[in-house]
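Enquirer: Sharing a structure, written as structure tokens. Questions coming.
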Amino acid sequence: MSELGFTPNEMMTIAASRALTNDDVCFVGIGAPSAACNVARLTHAPDITLIYESGTIGTAPQVLPLSIGDGELCETAVTTVSVPEMFRYWLQGGRISIGLLGAAQLDKFGNINTTVIGDYHHPKTRLPGGGGAPEIATSSKQVYITMAQSKRGMVEKIDFFTSFGHGEGGDHRKRLGIDTAGPTLLITDLAIWKPDPVTKEFTVVSLHPGVTCQQVQDSCGWVVKFAQALDETPAPSELELQTLRDLQARTKAAHEGTGKGKAD
Amino acid sequence: MSELGFTPNEMMTIAASRALTNDDVCFVGIGAPSAACNVARLTHAPDITLIYESGTIGTAPQVLPLSIGDGELCETAVTTVSVPEMFRYWLQGGRISIGLLGAAQLDKFGNINTTVIGDYHHPKTRLPGGGGAPEIATSSKQVYITMAQSKRGMVEKIDFFTSFGHGEGGDHRKRLGIDTAGPTLLITDLAIWKPDPVTKEFTVVSLHPGVTCQQVQDSCGWVVKFAQALDETPAPSELELQTLRDLQARTKAAHEGTGKGKAD
Amino acid sequence: MVKFLPLKQAVAENLNDGDSVAFEGFTHLIPTAAAHEAIRQGFRDLTLIRMTPDLIYDQMIGMGMAKKIVFSYVGNPGVGLLRRARDAIENGFPRPIEVEEHSHAGMANAYEAGAAGLPCAVFRGYRGAGLAEVNPNIRSVTCPFTGEVLAAVPSIRPDVSFIHAQKADRKGNVLVEGIIGIQKEAVLAARRAMVTVEEVVDTFDDLHPNLTVLPRWTIAAISVVPGGSHPSYAHGYYARDNAAYLEWDEIAANREKFQAWMQANVIEKSADDFAARVEHLRKAA
Amino acid sequence: MVKFLPLKQAVAENLNDGDSVAFEGFTHLIPTAAAHEAIRQGFRDLTLIRMTPDLIYDQMIGMGMAKKIVFSYVGNPGVGLLRRARDAIENGFPRPIEVEEHSHAGMANAYEAGAAGLPCAVFRGYRGAGLAEVNPNIRSVTCPFTGEVLAAVPSIRPDVSFIHAQKADRKGNVLVEGIIGIQKEAVLAARRAMVTVEEVVDTFDDLHPNLTVLPRWTIAAISVVPGGSHPSYAHGYYARDNAAYLEWDEIAANREKFQAWMQANVIEKSADDFAARVEHLRKAA
């Protein structure tokens with residue numbers, strides 16, 4: 001916890017939650033995106049639709065799921081469909097307004113790698129892979145990315161294109177026949193970034209409270225562009241912070257509570 | 001009713017029911033096929049699986065449906081699925097052992113027309129069309145056809161290929177890439193027919209009680225082939241006849257009973 | 001976002017002359033009330049899409065509202081022919097009508113592809129079938145792994161779809177149950193969708209999670225029309241009026257009789273008249 | 001036609017060395033007991049197919065049973081990596097393993113196409129994705145109506161699929177409910193299917209008609225194994241053992257620790273041990 005009264009990760013999650021509206025239909029990944037979506041739902045966007053790739057549509061969990069298929073997602077959902085239907089009717093059908101993605105490696109054009117470090121066929125580190133991400137990145141109307149900044153994570157050149165952002169920038173998406181907007185927002189633990197309207201390079205538009213441009217650059221593997229008029233991200237409100245912390249406390253209790261008596 | 005104690009149509013339905021076994025999975029059309037399937041279920045094949053194209057799998061109606069989607073089909077089914085799933089997973093998936101079809105026009109190779117009399121683009125009579133038949137005819141492992149004989153119905157050349165039987169005969173199915181057996185049985189109100197193993201022309205193998213070869217020929221528009229050793233179809237048993245008549249009586253009562261108070 | 005509207009307004013806001021429109025329902029849950037409202041409002045030049053056109057399209061075609069019909073079975077199920085549709089196809093009465101005909105498998109796959117946002121559906125179908133020769137929208141693709149030639153049809157993407165369903169909750173989520181047919185696909189494939197329901201309930205909290213529920217944001221408007229599916233049926237509410245289907249065969253056989261019936265039973269009636277039509281069918285459901 | 005068998009016999013009758021096999025379950029209803037029985041019986045040279053390989057494939061790979069893995073997410077959901085799978089891919093330990101990698105959309109469509117009896121699945125996918133360059137089973141077809149280039153992958157047709165489900169009736173029909181995932185498709189796409197269930201009930205007469213029920217004639221064998229999905233969960237029976245997933249991360253991190261755990265918890269155990277493992281999770285369900 002910093003002297004500000006909140007951690008950079010809390011700021012990241014809360015900033016992401018603010019970008020979501022009551023009318024959004026979000027395809028939610030696990031970790032930070034899930035927390036952000038549920039904070040939005042529990043604060044300013046009670047009617048937001050959260051969809052998890054396990055088939056749960058319109059869920060309202062009291063506890064953050066550990067997996068994307070925890071039971072509570074189904075119990076609180078408007079409906080639960082099969083996985084093929086999820087990917088065909090709901091994602092490919094163009095019904096998702098915001099796809100939320102995290103990244104192991106990210107480049108300045110919003111291209112994401114969660115597949116391998118090193119060569120694909122002889123990987124240095126084999127990561128879990130894309131799961132739903134390749135099509136979330138191209139079928140959602142927009143993509144929001146959240147990740148904690150690091151030089152290892154934010155790199156000039158990613159090792160593998162798990163999911164396509166803006167490619168080499170400019171109209172690269174359009175040239176590949178992808179007609180969705182792609183990554184339109186990057187929220188890190190230090191700043192809010194938006195793509196340049198022409199080059200599509202992610203540009204810092206707002207620094208989180210207490211963060212300097214130098215800190216952003218020091219934890220990023222490419223030369224960072226900053227907007228001319230840099231905003232300061234409003235600090236988390238009491239309600240936002242309490243909502244997030246309560247959610248995480250409930251989650252921690254629930255996940256630890258199932259540990260007894262397991263196969264030994 | 002003939003002096004035999006049963007009508008030719010009753011004989012047709014009962015003969016068709018006998019061709020179905022406990023292990024069959026039948027895709028059922030309306031009219032005679034539906035009656036035959038349910039007589040089989042109510043007599044010698046209690047575990048037969050009846051599937052109607054409305055999505056009902058494993059139905060056991062007390063009353064014959066007027067449409068292929070009457071409520072009782074769903075109420076008595078093992079499960080009811082969507083129509084796309086029905087055609088993709090269940091029919092195209094190769095799970096149907098017997099597809100049952102009727103015909104407005106039929107030729108000697110089991111090709112069926114239920115689409116138009118006359119030219120397709122300028123029809124003399126526009127019939128309902130194929131519905132599920134084109135793919136029932138090619139995706140079911142075998143096809144059984146039932147129809148009452150008439151020179152107008154059993155013709156040398158059908159006006160339109162609603163569903164493909166054996167085409168021009170021989171290996172025509174195989175040449176079109178169709179690997180199912182196609183029509184293997186034709187049951188009319190006068191006789192039982194099976195395709196010649198080589199030419200695939202329907203050949204009479206059994207005459208219903210009291211029926212002569214001449215009667216079969218007189219009500220058929222092509223020159224009929226008869227098997228060398230012609231069987232006589234066993235007459236309906238008391239149980240078969242009673243089962244069919246009870247079913248039809250229940251059906252008549254149920255369908256008429258809904259007629260009062262309708263929009264006038 | 002979904003709005004609850006009177007049927008008259010819901011149809012007026014969502015249907016336009018010249019639209020391609022699907023009033024779907026596979027024997028069950030046919031949206032008769034919505035179709036009759038469309039007839040009263042006198043839309044023209046519609047492209048009518050439906051697997052099993054049935055009485056309501058016979059009526060719309062007989063009233064001269066359709067320039068084209070896309071279908072896979074143009075019959076009165078279990079009864080026979082659709083005589084107004086026949087008159088239009090055979091005689092161009094009351095106006096010539098364009099025909100695009102598929103098999104059930106073709107239409108079902110085309111709706112599925114429409115709901116899935118695809119330009120076409122790919123399946124194993126139409127082999128040896130005459131339709132492949134007369135319908136230029138039946139084409140093929142080759143499997144890039146096995147070389148098998150498969151059928152392809154354009155996906156169905158109606159301007160607007162109308163369905164009837166059992167119930168909505170107060171938020172506007174819609175439940176379809178029983179023979180669910182092609183309703184979910186018809187809604188998701190359409191640019192906008194309008195639903196008539198038997199009733200509105202407070203919440204769907206007690207529903208099984210795997211039922212067919214259309215989230216409120218997939219629907220433009222909902223109207224409450226009890227009995228709105230008659231003479232079709234609503235599973236759990238009232239039975240199919242099979243006698244009315246048998247009777248239709250006579251009404252539609254004659255142009256004048258048809259017109260008189262439409263005047264008395266559609267033009268001079270309203271959505272409010274449906275509830276009484278199913279009263280005697282409720283016990284049987 | 002379906003047979004009710006003890007798990008040991010059901011696995012022995014349906015799985016063979018060299019088979020392509022899917023033990024499916026999308027987070028929910030993972031067939032752990034069946035996988036552990038396969039481990040005890042020591043099958044070799046399997047092609048393991050699954051969207052989310054998860055602990056049971058980490059275990060089978062770690063035991064050297066797999067020659068190939070087909071997947072779309074080789075992680076421990078919400079926790080991190082699968083360390084035995086990594087060891088096999090990165091270091092060829094305990095044996096080299098062939099990898100065929102797809103996206104979830106690709107696998108889901110491939111199962112759907114398998115259930116539908118098609119040779120390939122066609123969808124909009126893999127645009128700009130690196131997988132399309134490294135996986136020769138990602139190809140394309142062109143829409144014959146719009147010219148749009150769509151992705152194609154071979155359908156999945158396992159020799160055998162294993163799933164876990166809530167219940168069977170005495171006839172052998174099987175109910176899957178809650179997060180139904182890809183289970184229906186896995187069963188219908190396979191040449192044969194084996195199901196473990198929590199319990200057997202007399203009839204399914206009181207079930208809603210639209211639930212996911214697999215008719216008895218789509219299944220080769222059923223075994224009753226209460227708790228058979230642990231540490232995954234069975235909706236309505238017991239909750240997910242999230243702590244066990246967290247703990248797995250440590251067990252699998254070390255080759256020796258892994259072997260010791262497998263010896264104590266799988267090799268020396270049987271299907272009967274699963275019921276006790278979920279006892280403390282039942283209330284939470």
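Chain labels A, B, ... are given in the sequence in which chains occur in the structure tokens; within each chain residues are numbered consecutively from 1, and ligands are likewise numbered from 1 in the order shown.
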With only C-alpha atoms counted and 7 Å as the cut-off, give the residues of chain C in contact with chain D, each with its shortest interatomic distance in Å and the pair that gives it, as CSV.

Expert:
```
residue,atom,partner,partner_atom,distance
C:Pro119,CA,D:Thr146,CA,6.9
C:Cys120,CA,D:Cys143,CA,6.5
C:Arg139,CA,D:Pro144,CA,6.9
C:Cys143,CA,D:Cys120,CA,6.5
C:Pro144,CA,D:Arg139,CA,6.9
C:Phe145,CA,D:Pro154,CA,6.7
C:Thr146,CA,D:Pro119,CA,6.9
C:Pro154,CA,D:Phe145,CA,6.6
C:Glu177,CA,D:Asn210,CA,6.9
C:Gly178,CA,D:Pro209,CA,6.2
C:Pro209,CA,D:Gly178,CA,6.2
C:Asn210,CA,D:Leu211,CA,6.4
C:Leu211,CA,D:Asn210,CA,6.4
```

Enquirer: Using every C-alpha atom paired in order, could you least-squares fit chain D onto chain C and give me the moved chain as a tab-separated table (two decimals) with C-alpha atoms, in the first residue's frame?

Expert:
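Written file, superposed15.tsv:
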```
chain	number	residue	atom	x	y	z
D	1	MET	CA	-32.43	-1.67	-25.27
D	2	VAL	CA	-35.77	-3.42	-25.04
D	3	LYS	CA	-39.06	-1.51	-24.69
D	4	PHE	CA	-42.43	-2.84	-23.58
D	5	LEU	CA	-44.97	-1.50	-26.09
D	6	PRO	CA	-48.53	-2.11	-27.22
D	7	LEU	CA	-48.43	-4.49	-30.20
D	8	LYS	CA	-49.69	-1.88	-32.63
D	9	GLN	CA	-46.84	0.45	-31.80
D	10	ALA	CA	-44.23	-2.32	-31.61
D	11	VAL	CA	-45.09	-3.49	-35.13
D	12	ALA	CA	-45.23	0.06	-36.48
D	13	GLU	CA	-41.81	0.88	-35.03
D	14	ASN	CA	-40.08	-2.25	-36.26
D	15	LEU	CA	-41.54	-3.20	-39.63
D	16	ASN	CA	-41.29	-1.20	-42.85
D	17	ASP	CA	-42.45	-1.62	-46.42
D	18	GLY	CA	-39.83	-3.55	-48.38
D	19	ASP	CA	-38.29	-5.23	-45.32
D	20	SER	CA	-37.10	-8.80	-45.25
D	21	VAL	CA	-38.92	-10.25	-42.29
D	22	ALA	CA	-39.15	-13.56	-40.47
D	23	PHE	CA	-42.23	-14.41	-38.41
D	24	GLU	CA	-40.77	-17.64	-37.03
D	25	GLY	CA	-42.18	-20.52	-35.08
D	26	PHE	CA	-41.79	-24.19	-35.94
D	27	THR	CA	-45.42	-25.31	-35.52
D	28	HIS	CA	-45.20	-24.13	-31.89
D	29	LEU	CA	-45.33	-20.44	-30.81
D	30	ILE	CA	-46.21	-19.00	-34.21
D	31	PRO	CA	-46.49	-15.20	-33.84
D	32	THR	CA	-50.01	-14.93	-35.25
D	33	ALA	CA	-50.98	-11.76	-33.39
D	34	ALA	CA	-47.92	-9.91	-34.68
D	35	ALA	CA	-48.62	-11.13	-38.23
D	36	HIS	CA	-52.24	-10.01	-38.00
D	37	GLU	CA	-51.15	-6.60	-36.76
D	38	ALA	CA	-48.77	-6.35	-39.74
D	39	ILE	CA	-51.71	-7.22	-42.00
D	40	ARG	CA	-53.86	-4.52	-40.44
D	41	GLN	CA	-51.11	-1.97	-40.96
D	42	GLY	CA	-50.95	-3.01	-44.61
D	43	PHE	CA	-47.23	-3.33	-45.26
D	44	ARG	CA	-46.13	-3.91	-48.84
D	45	ASP	CA	-43.31	-5.52	-50.81
D	46	LEU	CA	-42.14	-7.69	-47.94
D	47	THR	CA	-39.69	-10.54	-48.35
D	48	LEU	CA	-41.24	-13.17	-46.11
D	49	ILE	CA	-38.76	-15.66	-44.66
D	50	ARG	CA	-39.84	-18.77	-42.82
D	51	MET	CA	-39.08	-22.49	-42.76
D	52	THR	CA	-42.78	-23.44	-42.61
D	53	PRO	CA	-44.82	-20.52	-43.97
D	54	ASP	CA	-48.08	-21.87	-42.60
D	55	LEU	CA	-51.34	-19.96	-42.20
D	56	ILE	CA	-49.94	-16.52	-41.40
D	57	TYR	CA	-47.90	-16.32	-44.60
D	58	ASP	CA	-50.81	-17.76	-46.57
D	59	GLN	CA	-52.77	-14.83	-45.17
D	60	MET	CA	-50.12	-12.19	-45.86
D	61	ILE	CA	-49.54	-13.53	-49.38
D	62	GLY	CA	-53.28	-13.62	-49.98
D	63	MET	CA	-53.46	-9.98	-48.94
D	64	GLY	CA	-50.79	-9.08	-51.48
D	65	MET	CA	-48.14	-8.00	-49.00
D	66	ALA	CA	-45.28	-10.20	-50.21
D	67	LYS	CA	-42.99	-9.68	-53.17
D	68	LYS	CA	-40.87	-12.72	-52.31
D	69	ILE	CA	-41.03	-15.77	-50.12
D	70	VAL	CA	-38.07	-17.75	-48.76
D	71	PHE	CA	-39.11	-21.12	-47.32
D	72	SER	CA	-38.54	-24.84	-47.02
D	73	TYR	CA	-42.08	-26.22	-46.62
D	74	VAL	CA	-45.02	-24.24	-47.95
D	75	GLY	CA	-47.74	-26.50	-46.58
D	76	ASN	CA	-50.42	-26.60	-43.92
D	77	PRO	CA	-48.73	-29.18	-41.68
D	78	GLY	CA	-50.68	-32.41	-41.52
D	79	VAL	CA	-53.47	-30.95	-43.63
D	80	GLY	CA	-52.12	-30.25	-47.09
D	81	LEU	CA	-51.47	-27.27	-49.29
D	82	LEU	CA	-51.45	-23.54	-48.63
D	83	ARG	CA	-53.99	-22.37	-51.14
D	84	ARG	CA	-53.32	-18.62	-51.12
D	85	ALA	CA	-49.60	-19.24	-51.58
D	86	ARG	CA	-50.40	-21.63	-54.41
D	87	ASP	CA	-52.62	-19.07	-56.08
D	88	ALA	CA	-49.79	-16.55	-55.96
D	89	ILE	CA	-47.16	-18.97	-57.26
D	90	GLU	CA	-49.32	-20.66	-59.90
D	91	ASN	CA	-51.43	-17.72	-61.03
D	92	GLY	CA	-49.71	-14.58	-59.81
D	93	PHE	CA	-52.80	-13.72	-57.75
D	94	PRO	CA	-53.18	-11.22	-56.14
D	95	ARG	CA	-49.66	-10.40	-57.32
D	96	PRO	CA	-46.75	-12.38	-58.71
D	97	ILE	CA	-44.40	-13.63	-56.04
D	98	GLU	CA	-40.73	-14.52	-56.23
D	99	VAL	CA	-39.78	-17.87	-54.71
D	100	GLU	CA	-36.52	-18.90	-53.01
D	101	GLU	CA	-36.84	-22.48	-51.85
D	102	HIS	CA	-34.56	-24.49	-49.58
D	103	SER	CA	-34.70	-27.69	-47.59
D	104	HIS	CA	-35.27	-27.55	-43.81
D	105	ALA	CA	-31.59	-28.37	-43.34
D	106	GLY	CA	-30.65	-25.49	-45.62
D	107	MET	CA	-32.88	-22.97	-43.83
D	108	ALA	CA	-31.92	-24.18	-40.35
D	109	ASN	CA	-28.23	-23.91	-41.19
D	110	ALA	CA	-28.77	-20.51	-42.79
D	111	TYR	CA	-30.45	-19.14	-39.67
D	112	GLU	CA	-27.70	-20.66	-37.53
D	113	ALA	CA	-25.07	-18.96	-39.67
D	114	GLY	CA	-27.00	-15.70	-39.47
D	115	ALA	CA	-27.06	-15.88	-35.67
D	116	ALA	CA	-23.35	-16.70	-35.77
D	117	GLY	CA	-22.55	-13.62	-37.85
D	118	LEU	CA	-21.28	-15.65	-40.80
D	119	PRO	CA	-21.93	-14.82	-44.47
D	120	CYS	CA	-22.88	-18.40	-45.34
D	121	ALA	CA	-23.69	-21.80	-43.89
D	122	VAL	CA	-21.76	-24.93	-44.82
D	123	PHE	CA	-23.32	-28.38	-44.46
D	124	ARG	CA	-23.79	-31.74	-46.16
D	125	GLY	CA	-26.94	-31.32	-48.17
D	126	TYR	CA	-28.87	-31.09	-51.41
D	127	ARG	CA	-27.06	-34.09	-52.91
D	128	GLY	CA	-29.04	-35.21	-55.92
D	129	ALA	CA	-31.79	-32.76	-55.01
D	130	GLY	CA	-33.59	-30.78	-57.69
D	131	LEU	CA	-33.50	-27.61	-55.60
D	132	ALA	CA	-29.79	-27.32	-56.19
D	133	GLU	CA	-30.56	-26.87	-59.89
D	134	VAL	CA	-33.30	-24.27	-59.58
D	135	ASN	CA	-32.01	-22.14	-56.68
D	136	PRO	CA	-28.86	-20.15	-57.54
D	137	ASN	CA	-28.32	-19.53	-53.82
D	138	ILE	CA	-27.37	-23.17	-53.36
D	139	ARG	CA	-23.65	-23.39	-54.03
D	140	SER	CA	-20.73	-25.37	-52.69
D	141	VAL	CA	-17.41	-25.18	-50.90
D	142	THR	CA	-14.70	-27.81	-50.80
D	143	CYS	CA	-13.31	-29.05	-47.50
D	144	PRO	CA	-9.64	-28.06	-47.53
D	145	PHE	CA	-8.71	-31.22	-45.58
D	146	THR	CA	-10.69	-34.02	-47.22
D	147	GLY	CA	-11.72	-32.58	-50.56
D	148	GLU	CA	-15.36	-33.33	-49.80
D	149	VAL	CA	-17.73	-30.97	-51.58
D	150	LEU	CA	-20.24	-29.48	-49.15
D	151	ALA	CA	-23.33	-27.36	-49.74
D	152	ALA	CA	-23.27	-23.64	-48.99
D	153	VAL	CA	-26.21	-21.26	-48.68
D	154	PRO	CA	-26.22	-17.57	-47.76
D	155	SER	CA	-26.90	-16.92	-44.11
D	156	ILE	CA	-30.33	-15.50	-43.28
D	157	ARG	CA	-30.16	-11.98	-41.85
D	158	PRO	CA	-33.69	-10.57	-41.75
D	159	ASP	CA	-34.22	-6.85	-41.28
D	160	VAL	CA	-36.59	-7.84	-38.51
D	161	SER	CA	-37.75	-11.05	-36.83
D	162	PHE	CA	-40.98	-11.56	-34.92
D	163	ILE	CA	-41.43	-14.42	-32.49
D	164	HIS	CA	-43.95	-15.37	-29.83
D	165	ALA	CA	-42.66	-16.63	-26.47
D	166	GLN	CA	-44.06	-17.81	-23.17
D	167	LYS	CA	-42.87	-15.02	-20.93
D	168	ALA	CA	-40.68	-12.05	-20.25
D	169	ASP	CA	-39.35	-10.83	-16.95
D	170	ARG	CA	-39.70	-7.18	-15.98
D	171	LYS	CA	-36.25	-6.41	-17.30
D	172	GLY	CA	-37.22	-7.71	-20.73
D	173	ASN	CA	-35.41	-11.04	-20.83
D	174	VAL	CA	-37.49	-13.57	-22.76
D	175	LEU	CA	-38.06	-17.30	-22.15
D	176	VAL	CA	-38.86	-19.75	-24.96
D	177	GLU	CA	-39.53	-23.35	-23.93
D	178	GLY	CA	-40.89	-26.60	-25.30
D	179	ILE	CA	-40.34	-26.99	-29.03
D	180	ILE	CA	-37.88	-24.13	-29.32
D	181	GLY	CA	-37.56	-24.50	-33.07
D	182	ILE	CA	-35.56	-21.79	-34.75
D	183	GLN	CA	-36.68	-18.87	-32.55
D	184	LYS	CA	-33.39	-18.09	-30.87
D	185	GLU	CA	-31.62	-18.09	-34.21
D	186	ALA	CA	-34.33	-15.96	-35.84
D	187	VAL	CA	-33.89	-13.31	-33.13
D	188	LEU	CA	-30.08	-13.37	-33.11
D	189	ALA	CA	-29.84	-13.39	-36.92
D	190	ALA	CA	-32.06	-10.33	-37.34
D	191	ARG	CA	-31.05	-6.68	-37.30
D	192	ARG	CA	-33.88	-6.16	-34.80
D	193	ALA	CA	-36.32	-8.46	-33.08
D	194	MET	CA	-39.83	-8.04	-31.69
D	195	VAL	CA	-41.39	-10.52	-29.29
D	196	THR	CA	-44.98	-11.10	-28.20
D	197	VAL	CA	-45.34	-12.97	-24.89
D	198	GLU	CA	-48.11	-14.66	-22.97
D	199	GLU	CA	-47.23	-12.86	-19.74
D	200	VAL	CA	-44.67	-10.87	-17.80
D	201	VAL	CA	-43.25	-12.21	-14.53
D	202	ASP	CA	-41.17	-10.42	-11.92
D	203	THR	CA	-37.93	-12.33	-12.31
D	204	PHE	CA	-36.45	-15.40	-13.96
D	205	ASP	CA	-34.47	-16.22	-10.81
D	206	ASP	CA	-36.13	-19.60	-10.41
D	207	LEU	CA	-35.50	-20.78	-13.97
D	208	HIS	CA	-33.12	-23.61	-14.72
D	209	PRO	CA	-29.86	-22.07	-15.99
D	210	ASN	CA	-29.83	-23.93	-19.30
D	211	LEU	CA	-33.19	-22.85	-20.68
D	212	THR	CA	-33.53	-20.78	-23.83
D	213	VAL	CA	-33.51	-17.21	-22.56
D	214	LEU	CA	-32.93	-14.26	-24.85
D	215	PRO	CA	-31.23	-11.44	-22.92
D	216	ARG	CA	-33.10	-8.13	-22.99
D	217	TRP	CA	-30.41	-6.43	-25.06
D	218	THR	CA	-31.03	-8.78	-28.00
D	219	ILE	CA	-34.63	-7.57	-28.35
D	220	ALA	CA	-36.05	-4.25	-29.55
D	221	ALA	CA	-39.62	-4.50	-28.27
D	222	ILE	CA	-41.91	-6.78	-26.28
D	223	SER	CA	-45.73	-6.79	-26.34
D	224	VAL	CA	-47.90	-8.80	-24.00
D	225	VAL	CA	-50.52	-10.64	-26.07
D	226	PRO	CA	-52.12	-13.59	-24.28
D	227	GLY	CA	-53.18	-16.18	-26.83
D	228	GLY	CA	-51.05	-14.39	-29.43
D	229	SER	CA	-49.99	-17.64	-31.01
D	230	HIS	CA	-53.47	-19.03	-31.79
D	231	PRO	CA	-54.21	-21.30	-33.70
D	232	SER	CA	-50.66	-22.44	-32.95
D	233	TYR	CA	-49.97	-23.12	-29.30
D	234	ALA	CA	-47.90	-22.02	-26.32
D	235	HIS	CA	-46.47	-24.94	-24.36
D	236	GLY	CA	-47.75	-24.68	-20.79
D	237	TYR	CA	-50.52	-22.20	-21.70
D	238	TYR	CA	-52.85	-23.63	-24.34
D	239	ALA	CA	-53.01	-26.44	-26.88
D	240	ARG	CA	-52.80	-26.29	-30.67
D	241	ASP	CA	-56.15	-25.62	-32.32
D	242	ASN	CA	-55.85	-28.43	-34.81
D	243	ALA	CA	-59.44	-27.93	-35.94
D	244	ALA	CA	-58.63	-24.38	-37.02
D	245	TYR	CA	-55.87	-25.71	-39.24
D	246	LEU	CA	-58.26	-28.19	-40.80
D	247	GLU	CA	-60.81	-25.41	-41.29
D	248	TRP	CA	-58.26	-23.11	-42.92
D	249	ASP	CA	-58.05	-25.50	-45.82
D	250	GLU	CA	-61.60	-24.58	-46.79
D	251	ILE	CA	-61.35	-20.87	-46.10
D	252	ALA	CA	-58.26	-20.43	-48.24
D	253	ALA	CA	-59.63	-22.51	-51.09
D	254	ASN	CA	-61.79	-19.65	-52.30
D	255	ARG	CA	-60.63	-16.08	-52.96
D	256	GLU	CA	-63.83	-14.44	-51.80
D	257	LYS	CA	-64.27	-16.62	-48.76
D	258	PHE	CA	-60.68	-15.81	-47.84
D	259	GLN	CA	-61.26	-12.06	-48.12
D	260	ALA	CA	-64.41	-12.21	-46.05
D	261	TRP	CA	-62.66	-14.23	-43.37
D	262	MET	CA	-59.73	-11.83	-43.25
D	263	GLN	CA	-62.06	-8.87	-43.00
D	264	ALA	CA	-64.02	-10.37	-40.11
D	265	ASN	CA	-61.19	-12.05	-38.23
D	266	VAL	CA	-58.17	-9.87	-38.82
D	267	ILE	CA	-58.94	-6.43	-40.22
D	268	GLU	CA	-61.81	-5.75	-37.85
D	269	LYS	CA	-60.11	-7.33	-34.84
D	270	SER	CA	-57.20	-6.41	-32.60
D	271	ALA	CA	-54.54	-8.01	-30.47
D	272	ASP	CA	-57.01	-8.02	-27.58
D	273	ASP	CA	-59.13	-10.65	-29.32
D	274	PHE	CA	-56.57	-13.42	-29.03
D	275	ALA	CA	-57.07	-14.23	-25.36
D	276	ALA	CA	-60.66	-15.35	-25.94
D	277	ARG	CA	-59.66	-17.57	-28.86
D	278	VAL	CA	-57.54	-19.81	-26.68
D	279	GLU	CA	-59.84	-19.95	-23.65
D	280	HIS	CA	-61.21	-23.40	-24.51
D	281	LEU	CA	-57.71	-24.67	-25.28
D	282	ARG	CA	-56.14	-23.82	-21.96
D	283	LYS	CA	-57.21	-26.92	-20.09
D	284	ALA	CA	-55.77	-29.19	-22.74
D	285	ALA	CA	-52.32	-27.61	-22.51
```

Enquirer: Write out as number ranges by chain which residues come within 12 Å of Leu185 of chain B when counting only C-alpha atoms, dropping same-chain ones fewer than 6 positions away.

Expert: B: 15-16, 18-20, 98-102, 108-110, 142-147, 165, 191-196, 200-206

Enquirer: Which chain A residues are at most 8 Å from chain C (counting only C-alpha atoms), as a PyMOL selection string?

Expert: chain A and resi 58+74-75+77-81+88-90+92-94

Enquirer: Could you pull out the strand (DSSP E or B) residues of segment 44-258 of chain C, going by DSSP on the backbone, and write them as number ranges by chain?

Expert: C: 46-50, 66-71, 75-76, 80-81, 98-101, 120-123, 139-142, 149-154, 160-169, 174-176, 192-201, 212-214, 221-224, 234, 238

Enquirer: Just checking: using only C-alpha atoms, which residue out of A:Gly71, A:Pro8, A:Gly29, A:Pro84 ends up closest to chain B?

Expert: A:Pro84

Enquirer: What does the distance from atom CA of Pro123 of chain A to atom CA of Gly167 of chain A come to in Å, to one decimal?

Expert: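 Taking atom CA of Pro123 of chain A and atom CA of Gly167 of chain A, their separation equals 22.3 Å.
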
Enquirer: Can you pull out every residue within 12 Å of Pro46 of chain A, counting only C-alpha atoms, but drop anything in the same chain fewer than 2 positions away, and send it as number ranges by chain?

Expert: A: 17, 20-24, 37-44, 48-50, 58-60

Enquirer: Enter the distance from atom CA of His166 of chain B to atom CA of Leu106 of chain B, in Å, rounded to one decimal.

Expert: 11.5 Å

Enquirer: Which residues are close to Ile51 of chain A, i.e. within 8 Å by only C-alpha atoms, leaving aside same-chain residues fewer than 6 positions away? Reply as a PyMOL selection string.

Expert: chain A and resi 25-28+57-59

Enquirer: Would you export the selected residues with C-alpha atoms as a PDB file, in the first residue's frame, please?

Expert:
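Now in part-v3.pdb:
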```
ATOM      1  CA  VAL A  25     -21.662  -6.350 -23.044  1.00  0.00           C
ATOM      2  CA  CYS A  26     -18.268  -7.512 -21.824  1.00  0.00           C
ATOM      3  CA  PHE A  27     -16.410 -10.709 -22.624  1.00  0.00           C
ATOM      4  CA  VAL A  28     -14.426 -11.174 -19.448  1.00  0.00           C
ATOM      5  CA  ILE A  57     -24.300 -14.706 -19.953  1.00  0.00           C
ATOM      6  CA  GLY A  58     -25.240 -11.842 -17.658  1.00  0.00           C
ATOM      7  CA  THR A  59     -23.550 -13.122 -14.516  1.00  0.00           C
TER       8      THR A  59
END
```
